[in-house]
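S.K.: Can you keep this structure in mind? I'll have questions shortly.
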4 protein chains.
Amino acid sequence: MPHSRAAVRTAGGDARVALLNDYRRVREDSEGLCRSLEVEDYCIQTMPDVSPAKWHLAHTSWFFETFLLLQLHPGYRPHHPAYDHLFNSYYLTHGQPFSRPQRGHLSRPTVAQVYRYREAVDAAMVELIGQAAESDWSRLECLVVLGLNHEQQHQELLLTDLKHIFACNPLRPAYRELPCADRHEPKLQWLPFSGGLQQVGHVGGGFAYDNESPRHKVWLEEYRLASRPVSNAEYLDFMADGGYRQSRLWLSEGWNAVQSGGWQAPLYWEQRDGQWWYMTLGGMRPVDLGAPVCHVSQYEADAYASWAGKRLPSEPEWELAASALSPSPDTDNLRNAGFLQPMPGMGSDGLQQVYGDVWEWTASAYSPYPGFRAPDGPVGEYNGKFMSGQMVLRGGSCVTPANHIRASYRNFFYPGDRWQFSGIRLADKL
Amino acid sequence: MPHSRAAVRTAGGDARVALLNDYRRVREDSEGLCRSLEVEDYCIQTMPDVSPAKWHLAHTSWFFETFLLLQLHPGYRPHHPAYDHLFNSYYLTHGQPFSRPQRGHLSRPTVAQVYRYREAVDAAMVELIGQAAESDWSRLECLVVLGLNHEQQHQELLLTDLKHIFACNPLRPAYRELPCADRHEPKLQWLPFSGGLQQVGHVGGGFAYDNESPRHKVWLEEYRLASRPVSNAEYLDFMADGGYRQSRLWLSEGWNAVQSGGWQAPLYWEQRDGQWWYMTLGGMRPVDLGAPVCHVSQYEADAYASWAGKRLPSEPEWELAASALSPSPDTDNLRNAGFLQPMPGMGSDGLQQVYGDVWEWTASAYSPYPGFRAPDGPVGEYNGKFMSGQMVLRGGSCVTPANHIRASYRNFFYPGDRWQFSGIRLADKL
Amino acid sequence: MPHSRAAVRTAGGDARVALLNDYRRVREDSEGLCRSLEVEDYCIQTMPDVSPAKWHLAHTSWFFETFLLLQLHPGYRPHHPAYDHLFNSYYLTHGQPFSRPQRGHLSRPTVAQVYRYREAVDAAMVELIGQAAESDWSRLECLVVLGLNHEQQHQELLLTDLKHIFACNPLRPAYRELPCADRHEPKLQWLPFSGGLQQVGHVGGGFAYDNESPRHKVWLEEYRLASRPVSNAEYLDFMADGGYRQSRLWLSEGWNAVQSGGWQAPLYWEQRDGQWWYMTLGGMRPVDLGAPVCHVSQYEADAYASWAGKRLPSEPEWELAASALSPSPDTDNLRNAGFLQPMPGMGSDGLQQVYGDVWEWTASAYSPYPGFRAPDGPVGEYNGKFMSGQMVLRGGSCVTPANHIRASYRNFFYPGDRWQFSGIRLADKL
Amino acid sequence: MPHSRAAVRTAGGDARVALLNDYRRVREDSEGLCRSLEVEDYCIQTMPDVSPAKWHLAHTSWFFETFLLLQLHPGYRPHHPAYDHLFNSYYLTHGQPFSRPQRGHLSRPTVAQVYRYREAVDAAMVELIGQAAESDWSRLECLVVLGLNHEQQHQELLLTDLKHIFACNPLRPAYRELPCADRHEPKLQWLPFSGGLQQVGHVGGGFAYDNESPRHKVWLEEYRLASRPVSNAEYLDFMADGGYRQSRLWLSEGWNAVQSGGWQAPLYWEQRDGQWWYMTLGGMRPVDLGAPVCHVSQYEADAYASWAGKRLPSEPEWELAASALSPSPDTDNLRNAGFLQPMPGMGSDGLQQVYGDVWEWTASAYSPYPGFRAPDGPVGEYNGKFMSGQMVLRGGSCVTPANHIRASYRNFFYPGDRWQFSGIRLADKL
């Protein structure tokens with residue numbers, strides 16, 4: 001299902017070394033993100049959408065074990081007979097996954113056992129990559145690259161879920177010491193884009209998920225995009241103007257969510273002595289007025305746009321505008337923000353904060369591109385079966401691994417979801 | 001919000017007479033559909049989505065009272081002070097609607113009182129249409145036409161809801177004596193359509209809802225459509241092949257619905273002594289093998305298409321194919337099927353059963369057309385606020401009033417909904 | 001299961017005539033209670049505990065059909081094949097009852113058909129009573145008397161459920177024109193009762209349910225009872241003192257109910273312009289300060305008692321005190337209150353308002369008396385299987401048929417139930 | 001609220017030493033029970049009724065901190081400002097407890113931090129006991145003894161909850177290596193007891209909870225009790241005879257639980273290759289036929305009794321029979337079973353397995369004894385507010401600390417609860 005990462009698929013030494021390096025780096029990055037955790041932090045599930053950190057570490061290993069080792073490594077035996085059940089996320093054609101809302105009910109395997117599972121998988125993967133037959137190479141490389149991208153998705157989810165876990169705790173513990181940023185929001189500009197008959201979707205030449213293809217033609221009217229995401233200061237204006245109390249601004253389902261959820265601000269916001277604070281991975285902080293608003297649902301994004309007399313961009317509008325840019329070298333958020341070892345710059349002109357601040361809700365439902373067909377076999381369940389009821393987000397957030405970001409990337413969540421690092425970029429007619 | 005019904009908006013005598021005739025006919029049709037009901041049948045609500053028949057009769061009157069009489073008729077006083085609350089469906093900017101799932105908890109007003117409400121509204125509407133000032137005419141005509149189209153929607157919903165009410169009753173009462181049809185399914189043909197840069201949306205010149213506009217350009221690849229909807233015989237093949245037991249055929253949400261709802265067949269189907277029967281408005285009948293499969297969710301439609309190696313059409317694909325046809329004079333289903341006074345023919349060639357058999361699920365999420373803006377005021381809540389989470393159906397069913405059918409019409413329901421007269425037409429690449 | 005109504009069970013002419021008269025009167029009383037209803041009022045179910053009026057009329061007939069006619073009348077054929085399913089309440093050893101929360105989903109059989117069902121059952125019952133063989137007489141009489149007491153229970157439930165139905169309707173329709181009573185609450189006295197080794201339970205000599213037996217010994221300490229139930233005026237003092245806001249007054253489950261239900265007053269109470277009103281069978285009325293507080297749960301009764309520094313009486317305490325009194329001839333509430341044709345007097349001294357004002361919550365869980373065994377067969381399900389989780393109420397309410405009231409009667413409901421005519425009598429140590 | 005543990009309440013050195021020894025032993029026992037746990041095992045909550053092990057350890061410390069140290073120790077400062085909220089179980093008059101179903105959502109405080117909390121509390125408690133003024137001694141001793149009994153209750157709950165946690169894990173980990181016992185069930189005898197006017201409730205002279213008083217008179221008919229609890233072998237006969245499929249055997253609420261819960265066997269039972277196994281604290285084992293059936297609800301106990309033609313004993317029947325016995329020295333289950341350091345013997349004659357095998361469901365609702373009044377202040381919430389909806393269990397189980405067992409002890413749970421070590425002893429008339 002993944003499109004080829006490299007133009008030339010050969011099992012030559014360089015390719016093996018490169019893949020091994022990629023493998024080791026990504027796998028180490030996952031563990032690096034957990035370095036500041038206590039054993040207890042690995043085990044908790046605060047809502048059905050959240051998975052415990054140790055589950056993320058084990059599930060990503062299961063992926064390599066199930067789709068690589070047990071398929072291509074002749075001598076490999078499953079590390080533990082029960083793990084195929086416990087760490088299968090949702091691959092029904094492969095087996096019966098353990099109940100998702102119960103992932104936090106498992107004290108065993110312990111964290112140490114999960115790390116031993118990772119070690120065993122890693123050792124076998126290194127063997128496999130080093131020794132795979134030439135004839136298996138192309139398939140192997142494809143699947144390894146898919147597995148690494150899969151693991152990078154879970155790196156983001158791991159941080160997203162930890163934020164929820166720490167935010168649900170009245171002690172509001174910090175995931176890690178993080179510098180306070182008091183940003184100045186750049187001046188908002190409205191950038192024009194020409195429409196016409198255009199092409200969107202993965203161009204080829206690097207990795208992309210199946211859902212980014214086929215590349216296809218779309219007709220667009222000319223449009224404008226805001227140069228940067230909506231800031232916390234702007235969102236506070238919406239709140240102060242009664243945004244959460246005026247049904248006319250909201251989609252019907254959005255209004256139901258406001259009522260039933262008692263929404264009065266983005267997720268993780270709290271009023272203390274009249275001032276708004278929010279939970280961050282560095283603990284509770286006063287709301288940074290210049291930073292992009294984050295942890296809003298698509299309902300809130302849409303209501304904000306209605307209030308502002310604007311709208312959300314469609315997928316193709318976003319992608320065409322962003323295609324001109326590529327993620328800058330200093331967008332390696334996980335490293336920059338101190339999540340791994342060594343914050344994104346903002347271009348001075350044109351579109352800003354496209355990659356690496358907040359995922360940007362679009363107005364587009366997550367649907368198959370014309371001609372899309374999910375691959376056969378369990379891996380075909382990766383993306384295709386979720387093409388119902390969810391909305392597309394574009395860009396990437398401050399917890400997305402830098403080399404996991406690209407213009408054609410289609411992230412997708414339910415319109416009411418708020419625990420992702422999701423924000424708002426406005427669009428308008430020209 | 002409705003687009004003009006007539007090119008020339010004058011309050012001349014002919015226009016008044018024509019509007020009065022339309023008004024009377026549509027209002028009488030609603031009551032005609034209730035002629036065979038017992039008083040008890042008017043009061044029942046079998047699930048939150050279903051409304052009691054008397055509620056439909058009252059709500060459609062409330063629409064005229066609220067958006068016409070209280071706006072434009074100087075001497076009009078509300079018929080009853082509580083009805084504005086009781087019969088407001090979902091217009092939050094107008095007032096606080098009575099709780100939808102409790103519509104079946106109201107024995108009062110009685111059926112007779114609801115008919116008196118209709119009489120009072122009708123008398124005042126006749127006055128208003130006859131006497132409205134020239135300067136109000138254009139707005140008046142627009143709103144009356146909207147109100148009549150609204151009432152026609154509720155005529156379909158009334159029958160749809162009555163079917164659910166009768167089907168939930170172990171006595172399985174018939175709504176009305178209906179002839180048994182044992183249809184021969186026409187031979188399935190695959191009809192090619194050219195793609196390219198096309199235009200979809202309401203053309204103008206007659207009534208259309210706001211959500212059918214603006215007319216706009218779309219790019220389509222060439223495609224094929226099945227000449228007729230999937231038949232019950234074909235759907236039984238899917239069932240016999242384990243369609244409801246193979247997760248790989250289903251969208252993730254669809255599979256959840258199959259599991260949690262225990263789905264094994266379309267809604268209203270029952271197995272008796274090894275044979276499949278289904279509930280019809282004429283009572284329980286053996287499944288008519290040649291008739292289009294009906295009362296399937298979009299999940300089932302999508303799973304069937306996967307099983308058949310095909311897909312569902314997109315909105316524009318459907319609309320462009322159907323635009324060449326117009327609803328035939330013998331598509332007046334409500335009359336033809338004995339619902340009013342005097343069944344649809346099927347063309348012999350080309351697309352068949354497009355209008356008037358089953359609403360056809362598309363693959364398209366119900367989203368605003370590019371440039372769409374809901375009108376200001378409460379009437380703006382009619383369509384726009386529901387553009388989230390629902391899927392578009394096209395065509396029209398055997399219980400859709402004939403003159404309520406057109407190529408650009410966008411019906412919309414949740415993908416799990418099954419109580420509508422909804423079926424499946426397949427699409428494929430050329 | 002019922003204990004003998006008459007000492008001498010003979011099928012002599014007098015006994016037959018007496019039983020026929022009883023039968024006719026009770027059956028007519030049920031229909032008399034429905035005289036002021038519109039057809040629509042018969043069909044509504046506003047919560048799972050409530051049954052539609054026509055269901056009560058049909059179920060009581062099903063009782064005679066099932067346990068009498070089909071057992072003892074040789075020529076009787078079931079009136080309709082589906083009624084045994086539709087109108088079985090909870091007799092699982094007899095058959096599969098129709099789903100209780102769906103009783104309001106049935107428009108058919110119509111009200112007229114239900115009355116025809118009653119007629120058919122009545123005609124056959126008259127035959128059966130007139131012609132039953134001497135050898136069947138004792139069993140027949142027992143079952144008829146049980147059926148009539150069962151029907152009297154449903155007469156109360158019918159009015160109780162209609163009150164809920166009318167109270168859920170924003171129109172607050174009156175069940176019937178009823179005189180306004182502005183009562184003066186009698187002065188509260190504390191009446192002493194001696195304890196010791198006592199006997200409680202049905203004495204014999206008239207009808208009683210199985211759960212009132214066996215008569216058995218209990219040891220009681222001496223105690224005092226309030227001469228009359230807690231009045232609305234007194235309950236308003238509890239409310240004004242923050243009764244609904246102080247967790248310390250409440251049982252844990254009671255406090256949960258206060259929180260989750262948003263309780264701030266008894267059921268059916270509404271504040272209008274600072275004054276408390278409540279729904280009555282005669283429509284909305286200002287709260288009658290002198291009348292007994294009604295429509296309170298056992299949790300509220302217990303919290304009120306805690307607030308007052310008192311407690312609720314136990315079953316035996318209540319029964320021993322009440323045994324000295326018998327329901328007075330003017331306690332025929334249904335007739336007196338205009339529910340049938342022709343209000344309870346209050347004794348001047350001693351215990352007052354024991355029978356016929358409000359059911360009085362006790363502190364006793366509904367448990368089997370020592371030595372209790374439910375009868376064999378379906379009729380054994382009448383009372384015994386409910387002896388878990390419910391609390392006993394004693395006395396009788398303004399909607400209890402007068403001759404359905406006796407000192408040993410054990411009514412039972414869940415401690416959170418409020419739609420019954422339930423109130424509070426306080427007890428204390430001597 | 002606790003009744004005096006010692007006849008003479010003096011603050012003499014011996015009393016202080018004795019209390020200190022008791023304090024240290026009980027506190028150490030709690031930690032001893034956790035010795036075999038992994039850090040992860042301390043954090044998990046598998047249903048709202050279950051609490052994480054670290055919560056038990058912290059809450060019992062909070063009890064001493066809140067009701068002793070902050071009341072009586074002049075220099076004591078709260079260990080952590082948030083712990084009063086986090087570790088308050090249900091004392092609403094003291095403060096706002098953290099949401100019970102979210103106890104498993106807290107990774108912090110860590111297990112190590114909880115142990116430091118215990119240390120700090122223990123140090124201060126040792127100081128307090130050693131230095132308390134003579135005038136405070138009586139109150140102090142009372143509260144310390146209450147706190148120790150409270151902690152012993154939580155020792156049992158800790159093991160009960162750990163069993164649930166391990167049983168929910170597909171790996172079925174063992175809490176600890178435990179010897180397999182294949183017991184021979186003793187022969188069942190029916191032992192007669194005389195009735196008459198008797199006294200039940202706490203006699204005085206040692207510790208008892210408030211709910212065991214006042215001691216009071218009851219009248220009992222003569223009765224018989226089974227000499228031992230129902231065995232697994234006997235319960236399997238009930239299952240084989242269709243016990244879980246015959247509604248007539250069940251209380252109405254019990255039958256609902258069977259249906260909705262899909263009950264077919266006691267909790268923790270699994271069929272493997274036709275044989276029944278169950279989860280134990282030592283892992284999965286074949287069902288020990290001679291052992292008492294355990295992990296049954298009161299509904300199952302009642303249904304079993306109906307099937308056997310017997311009944312459950314009432315509280316007084318149980319207490320009078322058991323009063324003759326006292327827990328034997330070898331009933332120190334937690335020690336004997338290897339839970340702490342070094343199984344209960346069974347008497348050869350008379351009542352057997354009364355203390356220390358399974359808690360025995362009675363037929364008695366958990367109600368206040370005549371004259372009961374909960375103490376003032378937060379400690380009054382300990383028992384009294386739960387006297388609604390629950391049933392009494394008597395005896396003690398294999399995980400009850402031996403010196404926490406006595407004839408008058410009233411344990412209470414909801415009739416549908418199954419995760420406690422609860423079993424069945426039958427009663428009958430003489």
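Within each chain, counting starts at residue 1; across the structure tokens, chains are named A, B, ... in the order shown, with ligands numbered 1 upward in that order.
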Determine which residues of chain C sit within 6 Å of chain D, taking into account only C-alpha atoms, and present them as a list in words.

M.R.: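 That gives the following set of residues: Val218, Trp219, Leu251, Ser252, Lys385, Phe386 and Gly389 of chain C.
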
S.K.: Considering only C-alpha atoms, return as an mmCIF file with N, CA and C atoms, in the first residue's frame whatever protein or nucleic-acid residues lie within 10 Å of D:Pro173, sequence-local ones (same chain, fewer than 3 positions apart) excluded.

M.R.:
```
data_model
loop_
_atom_site.group_PDB
_atom_site.id
_atom_site.type_symbol
_atom_site.label_atom_id
_atom_site.label_comp_id
_atom_site.auth_asym_id
_atom_site.auth_seq_id
_atom_site.Cartn_x
_atom_site.Cartn_y
_atom_site.Cartn_z
ATOM 1 N N SER A 107 -2.393 -4.409 33.588
ATOM 2 C CA SER A 107 -1.120 -4.087 34.242
ATOM 3 C C SER A 107 0.017 -4.897 33.613
ATOM 4 N N ARG A 108 -0.301 -6.039 33.068
ATOM 5 C CA ARG A 108 0.701 -6.877 32.407
ATOM 6 C C ARG A 108 0.398 -6.955 30.919
ATOM 7 N N PRO A 109 1.360 -7.107 30.026
ATOM 8 C CA PRO A 109 2.778 -7.139 30.346
ATOM 9 C C PRO A 109 3.234 -5.815 30.976
ATOM 10 N N LYS D 163 -7.826 -9.372 42.321
ATOM 11 C CA LYS D 163 -8.329 -10.564 41.626
ATOM 12 C C LYS D 163 -9.088 -10.148 40.367
ATOM 13 N N ILE D 165 -8.720 -7.377 38.685
ATOM 14 C CA ILE D 165 -7.750 -6.802 37.745
ATOM 15 C C ILE D 165 -7.000 -7.898 37.000
ATOM 16 N N PHE D 166 -6.543 -8.904 37.713
ATOM 17 C CA PHE D 166 -5.811 -9.981 37.054
ATOM 18 C C PHE D 166 -6.744 -10.839 36.195
ATOM 19 N N ALA D 167 -7.995 -10.990 36.642
ATOM 20 C CA ALA D 167 -8.935 -11.824 35.885
ATOM 21 C C ALA D 167 -9.359 -11.157 34.581
ATOM 22 N N CYS D 168 -9.330 -9.806 34.531
ATOM 23 C CA CYS D 168 -9.701 -9.092 33.302
ATOM 24 C C CYS D 168 -8.593 -9.132 32.266
ATOM 25 N N ASN D 169 -7.438 -9.555 32.654
ATOM 26 C CA ASN D 169 -6.285 -9.566 31.762
ATOM 27 C C ASN D 169 -6.188 -10.922 31.068
ATOM 28 N N PRO D 170 -6.198 -10.939 29.732
ATOM 29 C CA PRO D 170 -6.140 -12.219 29.018
ATOM 30 C C PRO D 170 -4.928 -13.054 29.410
ATOM 31 N N ARG D 176 -0.002 -14.362 43.268
ATOM 32 C CA ARG D 176 1.047 -14.989 44.051
ATOM 33 C C ARG D 176 0.972 -16.499 43.822
ATOM 34 N N MET D 279 -10.706 -18.422 37.811
ATOM 35 C CA MET D 279 -9.561 -17.603 38.161
ATOM 36 C C MET D 279 -9.439 -17.584 39.677
ATOM 37 N N THR D 280 -8.199 -17.781 40.147
ATOM 38 C CA THR D 280 -7.924 -17.657 41.574
ATOM 39 C C THR D 280 -6.784 -16.660 41.738
ATOM 40 N N LEU D 281 -6.477 -16.311 42.963
ATOM 41 C CA LEU D 281 -5.335 -15.427 43.182
ATOM 42 C C LEU D 281 -4.035 -16.120 42.799
ATOM 43 N N GLY D 282 -4.076 -17.425 42.610
ATOM 44 C CA GLY D 282 -2.927 -18.167 42.122
ATOM 45 C C GLY D 282 -2.997 -18.458 40.631
ATOM 46 N N GLY D 283 -3.900 -17.805 39.923
ATOM 47 C CA GLY D 283 -4.033 -18.021 38.484
ATOM 48 C C GLY D 283 -5.199 -18.942 38.151
ATOM 49 N N MET D 284 -5.264 -19.381 36.897
ATOM 50 C CA MET D 284 -6.373 -20.230 36.461
ATOM 51 C C MET D 284 -6.201 -21.640 37.019
#
```

S.K.: At a cut-off of 10 Å, using only C-alpha atoms, what residues contact B:Gln189? Leave out same-chain residues fewer than 3 positions from it and give the result as a ChimeraX atom specification.

M.R.: /B:186,192,224-228,349-352

S.K.: Name all residues at most 7 Å from stretch 392-402 of chain B (count only C-alpha atoms; drop same-chain ones fewer than 2 positions away) and give them as an NGL selection string.

M.R.: :B and (152 or 156 or 159 or 331-334 or 354-362 or 364-366 or 390 or 404-405 or 407 or 409-413 or 421)

S.K.: Which of stretch 156-404 of chain D counts as helix (DSSP H, G or I) under DSSP, as number ranges by chain please?

M.R.: D: 156-167, 210-212, 232-240, 243-245, 247-249, 252-261, 298-307, 315-323, 329-331, 333-336, 378-381, 384-386, 402-404

S.K.: Mind checking DSSP for stretch 87-242 of chain D and telling me the strand (DSSP E or B) residues as a ChimeraX atom specification?

M.R.: /D:190-193,196-200,216-220,223-226,231

S.K.: Neighbouring residues of C:Met47 were defined as those with any atom within 10 Å, considering only C-alpha atoms; residues of the same chain fewer than 6 positions away were excluded. Please report them as a list in words.

M.R.: Gln102 and His105 of chain B; Arg100, Pro101, Gln102, Arg103, Gly104, Asp161, His164, Ile165 and Cys168 of chain C

S.K.: Quick one: pull the distance between atom CA of D:Glu185 and atom CA of D:Gly261, Å, one decimal.

M.R.: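 So the answer is 29.9 Å.
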
S.K.: With a distance cut-off of 6 Å and only C-alpha atoms, select the neighbouring residues of D:Trp277, excluding the residue or stretch itself and same-chain residues fewer than 6 positions from it, and output the selection as a list in words.

M.R.: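 Returned residues: Trp269, Glu270, Arg285, Pro286 and Val287 of chain D.
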
S.K.: How many Å lie between atom CA of C:Ala240 and atom CA of C:Ala265, rounded to one decimal?

M.R.: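 Those two atoms sit 10.3 Å apart.
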
S.K.: Residues at most 9 Å from C:Tyr117, counting only C-alpha atoms, excluding those fewer than 5 positions away in the same chain, as number ranges by chain?

M.R.: C: 58, 61-62, 79-80, 112, 122
